[in-house]
$ cat structure-v8.pdb   # PDB, C-alpha atoms
ATOM      1  CA  MET A   1       0.000   0.000   0.000
ATOM      2  CA  PRO A   2       1.448   3.460  -0.924
ATOM      3  CA  LEU A   3       2.870   5.480   1.955
ATOM      4  CA  LEU A   4       0.225   8.217   1.784
ATOM      5  CA  ARG A   5      -2.737   5.856   1.434
ATOM      6  CA  SER A   6      -1.706   3.715   4.404
ATOM      7  CA  ARG A   7      -1.093   6.677   6.695
ATOM      8  CA  VAL A   8      -4.322   8.444   5.943
ATOM      9  CA  ALA A   9      -6.213   5.209   6.587
ATOM     10  CA  ALA A  10      -4.444   4.708   9.908
ATOM     11  CA  ALA A  11      -5.047   8.302  10.988
ATOM     12  CA  ALA A  12      -8.769   8.048  10.315
ATOM     13  CA  ALA A  13      -9.083   5.428  13.038
ATOM     14  CA  CYS A  14      -7.869   7.524  15.953
ATOM     15  CA  VAL A  15      -7.975  10.972  17.596
ATOM     16  CA  ALA A  16      -5.233  12.552  19.694
ATOM     17  CA  ALA A  17      -5.578  14.964  22.607
ATOM     18  CA  LEU A  18      -3.885  18.274  21.955
ATOM     19  CA  THR A  19      -2.037  20.371  24.467
ATOM     20  CA  GLY A  20       0.957  22.543  24.342
ATOM     21  CA  CYS A  21       2.666  25.790  23.804
ATOM     22  CA  SER A  22       6.195  26.772  22.914
ATOM     23  CA  ASP A  23       8.443  29.689  22.259
ATOM     24  CA  GLY A  24       6.460  32.051  24.456
ATOM     25  CA  ALA A  25       3.091  31.234  22.924
ATOM     26  CA  VAL A  26       0.074  31.066  25.192
ATOM     27  CA  ALA A  27      -0.984  27.509  26.019
ATOM     28  CA  SER A  28      -3.861  26.332  23.874
ATOM     29  CA  THR A  29      -7.079  24.987  25.290
ATOM     30  CA  THR A  30      -7.124  21.201  25.177
ATOM     31  CA  VAL A  31      -9.041  20.066  22.105
ATOM     32  CA  PRO A  32      -9.204  16.762  20.211
ATOM     33  CA  CYS A  33      -7.391  17.006  16.883
ATOM     34  CA  PRO A  34      -6.872  14.331  14.250
ATOM     35  CA  PRO A  35      -3.300  13.051  14.482
ATOM     36  CA  GLY A  36      -1.050  14.027  11.623
ATOM     37  CA  PRO A  37      -0.844  11.098   9.188
ATOM     38  CA  PHE A  38       2.482  12.366   7.846
ATOM     39  CA  ARG A  39       4.416  12.230  11.110
ATOM     40  CA  HIS A  40       7.666  10.379  10.488
ATOM     41  CA  SER A  41      10.974   9.725  12.226
ATOM     42  CA  PRO A  42      13.546   9.818  10.790
ATOM     43  CA  PRO A  43      12.336  12.446   8.306
ATOM     44  CA  LEU A  44      11.042  11.369   4.935
ATOM     45  CA  VAL A  45      13.530  11.943   2.121
ATOM     46  CA  ILE A  46      11.651  14.008  -0.470
ATOM     47  CA  ALA A  47      13.399  14.305  -3.836
ATOM     48  CA  HIS A  48      13.111  18.011  -4.650
ATOM     49  CA  ALA A  49      12.162  18.499  -8.324
ATOM     50  CA  GLY A  50      12.620  14.765  -8.648
ATOM     51  CA  GLY A  51      16.105  14.950  -7.144
ATOM     52  CA  GLU A  52      17.695  17.679  -9.248
ATOM     53  CA  GLY A  53      21.149  16.974  -7.822
ATOM     54  CA  LEU A  54      21.073  13.482  -9.312
ATOM     55  CA  GLY A  55      19.584  14.221 -12.730
ATOM     56  CA  PRO A  56      17.832  16.902 -14.794
ATOM     57  CA  ALA A  57      15.173  18.604 -12.656
ATOM     58  CA  ASN A  58      11.667  17.113 -12.735
ATOM     59  CA  SER A  59      12.736  14.339 -15.115
ATOM     60  CA  VAL A  60      11.823  10.672 -14.874
ATOM     61  CA  LEU A  61      15.555   9.928 -14.955
ATOM     62  CA  ALA A  62      16.213  12.032 -11.851
ATOM     63  CA  MET A  63      13.299  10.350 -10.102
ATOM     64  CA  GLN A  64      14.571   6.876 -10.960
ATOM     65  CA  ARG A  65      17.982   7.784  -9.573
ATOM     66  CA  SER A  66      16.456   9.332  -6.461
ATOM     67  CA  LEU A  67      14.410   6.249  -5.624
ATOM     68  CA  ALA A  68      17.472   4.063  -6.181
ATOM     69  CA  ALA A  69      19.321   6.334  -3.722
ATOM     70  CA  GLY A  70      16.633   5.862  -1.064
ATOM     71  CA  ALA A  71      14.109   8.673  -1.557
ATOM     72  CA  ASP A  72      10.735   8.094   0.084
ATOM     73  CA  VAL A  73       8.711  10.711  -1.794
ATOM     74  CA  LEU A  74       9.056  12.315  -5.222
ATOM     75  CA  ASP A  75       8.380  15.981  -5.937
ATOM     76  CA  ALA A  76       7.316  17.642  -9.191
ATOM     77  CA  ASP A  77       6.405  21.159 -10.314
ATOM     78  CA  LEU A  78       3.398  21.375 -12.628
ATOM     79  CA  TRP A  79       2.507  23.398 -15.719
ATOM     80  CA  MET A  80       0.062  22.669 -18.528
ATOM     81  CA  THR A  81       0.692  22.727 -22.272
ATOM     82  CA  ALA A  82      -1.443  24.649 -24.737
ATOM     83  CA  ASP A  83      -3.304  21.433 -25.564
ATOM     84  CA  GLY A  84      -4.021  20.566 -21.931
ATOM     85  CA  VAL A  85      -1.282  18.106 -20.953
ATOM     86  CA  VAL A  86      -0.126  18.511 -17.335
ATOM     87  CA  VAL A  87       3.678  18.337 -17.276
ATOM     88  CA  ALA A  88       6.534  18.505 -14.781
ATOM     89  CA  HIS A  89       8.747  21.582 -15.105
ATOM     90  CA  HIS A  90       9.767  24.371 -12.750
ATOM     91  CA  ASP A  91       9.637  27.431 -14.998
ATOM     92  CA  ARG A  92       7.108  28.564 -17.545
ATOM     93  CA  ASP A  93       9.911  29.292 -20.042
ATOM     94  CA  ILE A  94      11.834  26.180 -21.108
ATOM     95  CA  ALA A  95      14.888  28.104 -22.366
ATOM     96  CA  GLY A  96      16.608  28.048 -18.982
ATOM     97  CA  ASP A  97      17.168  24.307 -18.783
ATOM     98  CA  THR A  98      16.526  22.832 -22.237
ATOM     99  CA  ASP A  99      17.778  23.377 -25.779
ATOM    100  CA  GLY A 100      14.335  24.676 -26.743
ATOM    101  CA  THR A 101      12.501  27.975 -26.425
ATOM    102  CA  GLY A 102       9.003  29.058 -25.544
ATOM    103  CA  ASN A 103       6.517  29.046 -22.699
ATOM    104  CA  ILE A 104       4.964  25.728 -21.720
ATOM    105  CA  ASP A 105       1.402  27.041 -21.789
ATOM    106  CA  GLU A 106       1.979  28.272 -25.354
ATOM    107  CA  LEU A 107       3.512  25.023 -26.638
ATOM    108  CA  THR A 108       1.724  21.824 -27.549
ATOM    109  CA  TRP A 109       2.773  18.549 -25.974
ATOM    110  CA  GLN A 110       4.319  17.473 -29.276
ATOM    111  CA  GLU A 111       6.305  20.711 -29.538
ATOM    112  CA  LEU A 112       7.494  20.398 -25.937
ATOM    113  CA  GLN A 113       8.788  16.897 -26.618
ATOM    114  CA  ARG A 114      11.420  18.282 -28.983
ATOM    115  CA  ALA A 115      13.242  19.948 -26.066
ATOM    116  CA  ASP A 116      16.110  18.120 -24.353
ATOM    117  CA  LEU A 117      16.686  18.636 -20.616
ATOM    118  CA  ARG A 118      20.322  17.580 -20.930
ATOM    119  CA  ALA A 119      21.088  21.160 -22.008
ATOM    120  CA  GLY A 120      20.576  22.360 -18.445
ATOM    121  CA  TRP A 121      22.307  19.451 -16.735
ATOM    122  CA  SER A 122      25.897  19.910 -15.509
ATOM    123  CA  GLY A 123      26.418  16.473 -13.989
ATOM    124  CA  ASP A 124      27.384  13.175 -15.563
ATOM    125  CA  THR A 125      27.142  12.459 -19.283
ATOM    126  CA  ILE A 126      23.711  11.205 -20.303
ATOM    127  CA  ASP A 127      23.660   9.345 -23.614
ATOM    128  CA  GLN A 128      19.958   9.617 -24.494
ATOM    129  CA  PRO A 129      17.731  12.709 -24.733
ATOM    130  CA  VAL A 130      15.820  13.552 -21.555
ATOM    131  CA  ARG A 131      12.347  14.886 -22.254
ATOM    132  CA  VAL A 132       9.952  16.928 -20.139
ATOM    133  CA  ALA A 133       7.669  14.380 -18.496
ATOM    134  CA  SER A 134       3.916  14.476 -18.265
ATOM    135  CA  LEU A 135       2.289  13.928 -14.902
ATOM    136  CA  GLU A 136       0.726  10.791 -16.346
ATOM    137  CA  GLN A 137       4.134   9.398 -17.295
ATOM    138  CA  ILE A 138       5.410   9.988 -13.760
ATOM    139  CA  LEU A 139       2.430   8.359 -12.077
ATOM    140  CA  VAL A 140       2.569   5.357 -14.413
ATOM    141  CA  GLU A 141       6.335   4.960 -14.053
ATOM    142  CA  PHE A 142       6.118   5.047 -10.243
ATOM    143  CA  PRO A 143       2.746   3.460  -9.434
ATOM    144  CA  THR A 144       3.242   2.995  -5.689
ATOM    145  CA  VAL A 145       5.234   6.104  -4.785
ATOM    146  CA  THR A 146       3.845   9.157  -2.969
ATOM    147  CA  VAL A 147       4.320  12.307  -5.061
ATOM    148  CA  SER A 148       4.363  15.940  -3.927
ATOM    149  CA  LEU A 149       2.857  18.156  -6.641
ATOM    150  CA  GLU A 150       3.302  21.923  -6.726
ATOM    151  CA  ILE A 151       0.925  23.791  -9.014
ATOM    152  CA  LYS A 152       2.894  26.539 -10.759
ATOM    153  CA  GLN A 153       0.318  27.718 -13.295
ATOM    154  CA  SER A 154      -2.663  29.866 -12.382
ATOM    155  CA  SER A 155      -4.135  30.775 -15.768
ATOM    156  CA  PRO A 156      -5.650  28.897 -17.371
ATOM    157  CA  SER A 157      -6.420  26.765 -14.327
ATOM    158  CA  MET A 158      -5.131  23.213 -14.414
ATOM    159  CA  ALA A 159      -7.438  22.070 -11.607
ATOM    160  CA  LYS A 160      -9.744  19.942 -13.760
ATOM    161  CA  PRO A 161      -7.077  18.434 -16.069
ATOM    162  CA  LEU A 162      -4.918  17.675 -13.044
ATOM    163  CA  CYS A 163      -7.669  15.913 -11.157
ATOM    164  CA  ASP A 164      -8.797  14.105 -14.298
ATOM    165  CA  VAL A 165      -5.328  12.511 -14.501
ATOM    166  CA  LEU A 166      -5.302  11.662 -10.811
ATOM    167  CA  ARG A 167      -8.724  10.043 -10.968
ATOM    168  CA  ARG A 168      -8.051   8.123 -14.164
ATOM    169  CA  LEU A 169      -4.860   6.616 -12.739
ATOM    170  CA  ASP A 170      -6.342   6.024  -9.262
ATOM    171  CA  ALA A 171      -3.671   8.323  -7.833
ATOM    172  CA  VAL A 172      -5.736  10.878  -5.899
ATOM    173  CA  ASP A 173      -4.790   9.328  -2.570
ATOM    174  CA  ARG A 174      -1.054   9.026  -3.215
ATOM    175  CA  VAL A 175      -0.308  12.661  -3.985
ATOM    176  CA  TYR A 176      -0.483  15.888  -2.023
ATOM    177  CA  LEU A 177      -0.845  19.327  -3.552
ATOM    178  CA  SER A 178       0.641  22.749  -2.877
ATOM    179  CA  ALA A 179       0.783  26.098  -4.676
ATOM    180  CA  ASN A 180       2.121  29.593  -4.169
ATOM    181  CA  ASN A 181      -1.372  30.870  -4.927
ATOM    182  CA  ASP A 182      -4.033  29.697  -2.464
ATOM    183  CA  ASP A 183      -6.760  29.887  -5.119
ATOM    184  CA  ASP A 184      -4.948  27.330  -7.263
ATOM    185  CA  VAL A 185      -4.755  24.685  -4.578
ATOM    186  CA  TYR A 186      -8.303  25.293  -3.371
ATOM    187  CA  ALA A 187      -9.549  24.943  -6.949
ATOM    188  CA  ALA A 188      -7.768  21.619  -7.286
ATOM    189  CA  GLN A 189      -9.167  20.484  -3.956
ATOM    190  CA  ALA A 190     -12.665  21.349  -5.148
ATOM    191  CA  GLU A 191     -12.143  19.303  -8.316
ATOM    192  CA  CYS A 192     -10.997  16.291  -6.265
ATOM    193  CA  PRO A 193     -13.421  16.571  -3.345
ATOM    194  CA  GLY A 194     -13.122  14.573  -0.175
ATOM    195  CA  SER A 195      -9.847  12.825  -0.777
ATOM    196  CA  VAL A 196      -6.961  14.853  -2.181
ATOM    197  CA  VAL A 197      -4.519  16.168   0.443
ATOM    198  CA  ILE A 198      -3.373  19.781   0.285
ATOM    199  CA  THR A 199      -0.638  21.402   2.334
ATOM    200  CA  THR A 200      -0.914  24.449   4.556
ATOM    201  CA  THR A 201      -1.963  27.545   2.623
ATOM    202  CA  TYR A 202      -1.056  31.169   3.293
ATOM    203  CA  ARG A 203      -4.533  31.600   4.748
ATOM    204  CA  ASP A 204      -3.817  28.736   7.166
ATOM    205  CA  VAL A 205      -0.473  30.243   8.161
ATOM    206  CA  ALA A 206      -2.075  33.592   8.977
ATOM    207  CA  GLU A 207      -4.639  31.863  11.193
ATOM    208  CA  MET A 208      -1.960  29.742  12.867
ATOM    209  CA  ARG A 209       0.039  32.835  13.805
ATOM    210  CA  ARG A 210      -3.053  34.463  15.237
ATOM    211  CA  VAL A 211      -4.048  31.528  17.457
ATOM    212  CA  ARG A 212      -0.495  31.052  18.684
ATOM    213  CA  SER A 213      -0.624  34.557  20.085
ATOM    214  CA  THR A 214      -4.073  34.177  21.645
ATOM    215  CA  GLY A 215      -3.932  30.572  22.863
ATOM    216  CA  GLU A 216      -7.209  29.676  21.181
ATOM    217  CA  ALA A 217      -7.938  26.025  20.512
ATOM    218  CA  TRP A 218      -6.993  25.224  16.940
ATOM    219  CA  CYS A 219      -6.404  22.202  14.742
ATOM    220  CA  ALA A 220      -4.461  22.521  11.511
ATOM    221  CA  PRO A 221      -6.844  22.314   8.544
ATOM    222  CA  ALA A 222      -4.104  20.701   6.436
ATOM    223  CA  PRO A 223      -1.917  17.819   7.652
ATOM    224  CA  ILE A 224       1.363  19.149   6.229
ATOM    225  CA  GLY A 225       3.131  22.444   6.801
ATOM    226  CA  GLN A 226       5.940  23.274   4.355
ATOM    227  CA  PRO A 227       8.030  26.155   5.696
ATOM    228  CA  PRO A 228      11.307  26.990   3.968
ATOM    229  CA  PHE A 229      14.305  25.980   6.030
ATOM    230  CA  SER A 230      15.116  28.293   8.932
ATOM    231  CA  ALA A 231      17.139  27.166  11.919
ATOM    232  CA  ASN A 232      15.361  29.723  14.107
ATOM    233  CA  LEU A 233      11.910  28.374  13.284
ATOM    234  CA  LEU A 234      12.567  24.658  12.947
ATOM    235  CA  ASP A 235      13.606  23.985  16.511
ATOM    236  CA  PRO A 236      12.090  21.239  18.686
ATOM    237  CA  ALA A 237       9.651  23.640  20.383
ATOM    238  CA  ASN A 238       8.123  24.980  17.183
ATOM    239  CA  VAL A 239       8.068  21.594  15.477
ATOM    240  CA  GLY A 240       6.443  20.133  18.594
ATOM    241  CA  TRP A 241       3.745  22.822  18.575
ATOM    242  CA  SER A 242       2.886  21.890  15.003
ATOM    243  CA  HIS A 243       2.758  18.215  15.883
ATOM    244  CA  ASP A 244       0.472  18.883  18.814
ATOM    245  CA  HIS A 245      -1.891  20.724  16.495
ATOM    246  CA  GLY A 246      -2.143  17.939  13.918
ATOM    247  CA  MET A 247       0.445  19.137  11.413
ATOM    248  CA  ALA A 248       3.575  17.399  10.157
ATOM    249  CA  ILE A 249       6.474  19.606   9.128
ATOM    250  CA  PHE A 250       8.223  19.181   5.772
ATOM    251  CA  THR A 251      10.918  21.748   4.986
ATOM    252  CA  TRP A 252      12.907  22.712   1.881
ATOM    253  CA  THR A 253      15.509  22.637   0.374
ATOM    254  CA  VAL A 254      18.412  21.134   2.355
ATOM    255  CA  ASP A 255      21.464  19.162   1.208
ATOM    256  CA  ASP A 256      24.039  19.828   3.933
ATOM    257  CA  PRO A 257      24.623  16.724   6.138
ATOM    258  CA  ASP A 258      24.950  18.620   9.413
ATOM    259  CA  THR A 259      21.792  20.601   8.768
ATOM    260  CA  LEU A 260      19.928  17.446   7.781
ATOM    261  CA  ARG A 261      20.907  15.777  11.040
ATOM    262  CA  GLY A 262      19.821  18.844  13.006
ATOM    263  CA  LEU A 263      16.416  18.703  11.352
ATOM    264  CA  ALA A 264      16.057  15.035  12.282
ATOM    265  CA  GLU A 265      16.954  15.872  15.882
ATOM    266  CA  ALA A 266      14.385  18.696  15.930
ATOM    267  CA  GLY A 267      11.651  16.246  14.924
ATOM    268  CA  VAL A 268      11.007  17.477  11.380
ATOM    269  CA  ASP A 269       8.960  14.904   9.454
ATOM    270  CA  GLY A 270      10.235  15.371   5.914
ATOM    271  CA  VAL A 271      12.946  17.245   4.048
ATOM    272  CA  TYR A 272      12.980  18.265   0.413
ATOM    273  CA  THR A 273      16.491  17.727  -0.879
ATOM    274  CA  ARG A 274      18.336  17.902  -4.170
ATOM    275  CA  ARG A 275      20.536  15.052  -2.971
ATOM    276  CA  PRO A 276      18.431  12.149  -1.721
ATOM    277  CA  ASP A 277      21.564  10.003  -1.496
ATOM    278  CA  ILE A 278      23.065  12.318   1.127
ATOM    279  CA  ALA A 279      19.828  12.686   3.075
ATOM    280  CA  ARG A 280      19.217   8.928   3.111
ATOM    281  CA  LYS A 281      22.658   8.277   4.584
ATOM    282  CA  VAL A 282      22.242  10.969   7.246
ATOM    283  CA  PHE A 283      18.759   9.874   8.288
ATOM    284  CA  ASP A 284      19.678   6.188   8.387
ATOM    285  CA  GLU A 285      22.648   6.975  10.622
ATOM    286  CA  TYR A 286      20.401   9.089  12.853
ATOM    287  CA  ALA A 287      17.863   6.275  13.125
ATOM    288  CA  ALA A 288      20.593   3.810  14.019
ATOM    289  CA  GLY A 289      21.672   6.003  16.924
TER     290      GLY A 289
END
$ encode --input "structure-v8.pdb" --output "structure tokens"
Amino acid sequence: MPLLRSRVAAAAACVAALTGCSDGAVASTTVPCPPGPFRHSPPLVIAHAGGEGLGPANSVLAMQRSLAAGADVLDADLWMTADGVVVAHHDRDIAGDTDGTGNIDELTWQELQRADLRAGWSGDTIDQPVRVASLEQILVEFPTVTVSLEIKQSSPSMAKPLCDVLRRLDAVDRVYLSANNDDDVYAAQAECPGSVVITTTYRDVAEMRRVRSTGEAWCAPAPIGQPPFSANLLDPANVGWSHDHGMAIFTWTVDDPDTLRGLAEAGVDGVYTRRPDIARKVFDEYAAG
């Protein structure tokens, strides 16, 4: 059973009592909150952009290498072609990391397939062309792996095409969604009602900050918080507060071994990393004591 599916099922069977405060926050009123299904120790190794330190970013090749190196979760950035194919790529413009030109939302899938991601890769020699992957290709290639999906495109909305792919491949419950624009992730959630997991939105973060200052009872509406790495914020007290309020903490993007170990010691649940091979070694050593 995929990691996400099994944890959500387990979490649905139980409820945890919430208490706690940290870092000067007022203690919250005790309130039952669903336990976070993404809690994990040692942290999950999440291959940022598929593991862009091991292969061209967002490519199937990088993802294959990342899983071989011990990644637990894959990560992909999403755009949509002019003819409605949801694809994995970080930037709208493909000129920065391919030998092609143009904006993804203005290119057809066939046109996009002429671009070679090797042009932006500075690592080992790769003998065969590396193409921009569709979301469908990724989900088919890795049928049991949990995948973090970040929606990069706001207009036109990819909410329906995205959820159509997830439903057709029975993958709704092995992905989780995020976006820099709250409207994008809420639209996708509405298209995949009742089952797709989204991460903490900016609206959630604003509410979390407010209740931390007032001590009001509060349960995280999303099971995953994804703050960028900050040693001042990701200490045991702050991570523990999030855990007590039903939220796992995944942070990004960290490759340094000492920092990775510090995050494991602080209780962080997942780390996005360009180098899953390094993170796997660090976290395995941490787990072994």
$ residues_near_point --input "structure-v8.pdb" --point "(20.0, 6.9, 5.7)" --cutoff "12 Å" --atoms "all atoms listed in the file" --output "list in words"
Ser41, Pro42, Pro43, Leu44, Val45, Ala69, Gly70, Ala71, Asp72, Pro257, Leu260, Arg261, Ala264, Arg275, Pro276, Asp277, Ile278, Ala279, Arg280, Lys281, Val282, Phe283, Asp284, Glu285, Tyr286, Ala287, Ala288 and Gly289 of chain A
$ atom_distance --input "structure-v8.pdb" --atom1 "atom CA of Pro129 of chain A" --atom2 "atom CA of Glu141 of chain A"
17.4 Å
$ atom_distance --input "structure-v8.pdb" --atom1 "atom CA of Gln64 of chain A" --atom2 "atom CA of Trp121 of chain A"
15.9 Å
$ residues_around --input "structure-v8.pdb" --residues "segment 223-232 of chain A" --least-positions-apart "5" --cutoff "6 Å" --atoms "only C-alpha atoms" --output "list in words"
Gly36, Thr199, Thr200, Met247, Ala248, Ile249, Phe250, Thr251 and Trp252 of chain A
$ resolve_selection --input "structure-v8.pdb" --expression "the PyMOL selection byres ((chain A and resi 114) around 9)" --output "MDAnalysis selection string"
chainID A and resid 99:100 110:113 115:116 131
$ atom_distance --input "structure-v8.pdb" --atom1 "atom CA of Asn238 of chain A" --atom2 "atom CA of Asp184 of chain A"
27.8 Å
$ resolve_selection --input "structure-v8.pdb" --expression "the PyMOL selection byres ((chain A and resi 157-166) around 12)" --output "ChimeraX atom specification"
/A:78-88,105,134-140,143,147,149-156,167-179,181,183-193,195-196
$ resolve_selection --input "structure-v8.pdb" --expression "the PyMOL selection byres ((chain A and resi 90) around 12)" --output "PyMOL selection string"
chain A and resi 48-50+52+56-59+75-80+87-89+91-98+103-104+117+132-133+149-153
$ closest_residue --input "structure-v8.pdb" --among "A:Thr259, A:Val268, A:Pro221, A:Asp182" --to "Gly246 of chain A" --atoms "all atoms listed in the file"
A:Pro221
$ axis_aligned_box --input "structure-v8.pdb" --around "segment 238-244 of chain A" --padding-each-side "6 Å" --output "lines of an AutoDock Vina configuration file"
center_x = 4.3
center_y = 21.6
center_z = 16.9
size_x = 19.7
size_y = 18.8
size_z = 15.8
$ decode --input "structure-v8.pdb" --residues "segment 248-268 of chain A" --atoms "N, CA and C atoms" --output "PDB file, in the first residue's frame"
ATOM      1  N   ALA A 248       2.195  17.813  10.381  1.00  0.00           N
ATOM      2  CA  ALA A 248       3.575  17.399  10.157  1.00  0.00           C
ATOM      3  C   ALA A 248       4.335  18.546   9.510  1.00  0.00           C
ATOM      4  N   ILE A 249       5.642  18.545   9.685  1.00  0.00           N
ATOM      5  CA  ILE A 249       6.474  19.606   9.128  1.00  0.00           C
ATOM      6  C   ILE A 249       7.439  19.018   8.100  1.00  0.00           C
ATOM      7  N   PHE A 250       7.280  19.478   6.855  1.00  0.00           N
ATOM      8  CA  PHE A 250       8.223  19.181   5.772  1.00  0.00           C
ATOM      9  C   PHE A 250       8.904  20.502   5.420  1.00  0.00           C
ATOM     10  N   THR A 251      10.215  20.501   5.296  1.00  0.00           N
ATOM     11  CA  THR A 251      10.918  21.748   4.986  1.00  0.00           C
ATOM     12  C   THR A 251      11.747  21.591   3.719  1.00  0.00           C
ATOM     13  N   TRP A 252      12.171  22.712   3.147  1.00  0.00           N
ATOM     14  CA  TRP A 252      12.907  22.712   1.881  1.00  0.00           C
ATOM     15  C   TRP A 252      13.901  23.867   1.862  1.00  0.00           C
ATOM     16  N   THR A 253      14.898  23.769   1.071  1.00  0.00           N
ATOM     17  CA  THR A 253      15.509  22.637   0.374  1.00  0.00           C
ATOM     18  C   THR A 253      16.889  22.483   0.992  1.00  0.00           C
ATOM     19  N   VAL A 254      17.216  21.316   1.529  1.00  0.00           N
ATOM     20  CA  VAL A 254      18.412  21.134   2.355  1.00  0.00           C
ATOM     21  C   VAL A 254      19.228  19.961   1.834  1.00  0.00           C
ATOM     22  N   ASP A 255      20.543  20.203   1.668  1.00  0.00           N
ATOM     23  CA  ASP A 255      21.464  19.162   1.208  1.00  0.00           C
ATOM     24  C   ASP A 255      22.627  18.939   2.163  1.00  0.00           C
ATOM     25  N   ASP A 256      22.881  19.898   3.042  1.00  0.00           N
ATOM     26  CA  ASP A 256      24.039  19.828   3.933  1.00  0.00           C
ATOM     27  C   ASP A 256      23.840  18.756   5.009  1.00  0.00           C
ATOM     28  N   PRO A 257      24.801  17.825   5.183  1.00  0.00           N
ATOM     29  CA  PRO A 257      24.623  16.724   6.138  1.00  0.00           C
ATOM     30  C   PRO A 257      24.390  17.176   7.574  1.00  0.00           C
ATOM     31  N   ASP A 258      25.129  18.169   8.030  1.00  0.00           N
ATOM     32  CA  ASP A 258      24.950  18.620   9.413  1.00  0.00           C
ATOM     33  C   ASP A 258      23.570  19.231   9.628  1.00  0.00           C
ATOM     34  N   THR A 259      23.115  20.006   8.661  1.00  0.00           N
ATOM     35  CA  THR A 259      21.792  20.601   8.768  1.00  0.00           C
ATOM     36  C   THR A 259      20.710  19.536   8.721  1.00  0.00           C
ATOM     37  N   LEU A 260      20.886  18.546   7.867  1.00  0.00           N
ATOM     38  CA  LEU A 260      19.928  17.446   7.781  1.00  0.00           C
ATOM     39  C   LEU A 260      19.816  16.717   9.113  1.00  0.00           C
ATOM     40  N   ARG A 261      20.952  16.459   9.750  1.00  0.00           N
ATOM     41  CA  ARG A 261      20.907  15.777  11.040  1.00  0.00           C
ATOM     42  C   ARG A 261      20.214  16.644  12.089  1.00  0.00           C
ATOM     43  N   GLY A 262      20.483  17.952  12.064  1.00  0.00           N
ATOM     44  CA  GLY A 262      19.821  18.844  13.006  1.00  0.00           C
ATOM     45  C   GLY A 262      18.311  18.850  12.831  1.00  0.00           C
ATOM     46  N   LEU A 263      17.848  18.750  11.604  1.00  0.00           N
ATOM     47  CA  LEU A 263      16.416  18.703  11.352  1.00  0.00           C
ATOM     48  C   LEU A 263      15.807  17.404  11.880  1.00  0.00           C
ATOM     49  N   ALA A 264      16.528  16.303  11.718  1.00  0.00           N
ATOM     50  CA  ALA A 264      16.057  15.035  12.282  1.00  0.00           C
ATOM     51  C   ALA A 264      15.958  15.135  13.803  1.00  0.00           C
ATOM     52  N   GLU A 265      16.948  15.743  14.426  1.00  0.00           N
ATOM     53  CA  GLU A 265      16.954  15.872  15.882  1.00  0.00           C
ATOM     54  C   GLU A 265      15.837  16.789  16.368  1.00  0.00           C
ATOM     55  N   ALA A 266      15.466  17.770  15.555  1.00  0.00           N
ATOM     56  CA  ALA A 266      14.385  18.696  15.930  1.00  0.00           C
ATOM     57  C   ALA A 266      13.007  18.071  15.764  1.00  0.00           C
ATOM     58  N   GLY A 267      12.928  16.914  15.098  1.00  0.00           N
ATOM     59  CA  GLY A 267      11.651  16.246  14.924  1.00  0.00           C
ATOM     60  C   GLY A 267      10.919  16.552  13.632  1.00  0.00           C
ATOM     61  N   VAL A 268      11.620  17.208  12.683  1.00  0.00           N
ATOM     62  CA  VAL A 268      11.007  17.477  11.380  1.00  0.00           C
ATOM     63  C   VAL A 268      10.626  16.149  10.721  1.00  0.00           C
TER      64      VAL A 268
END
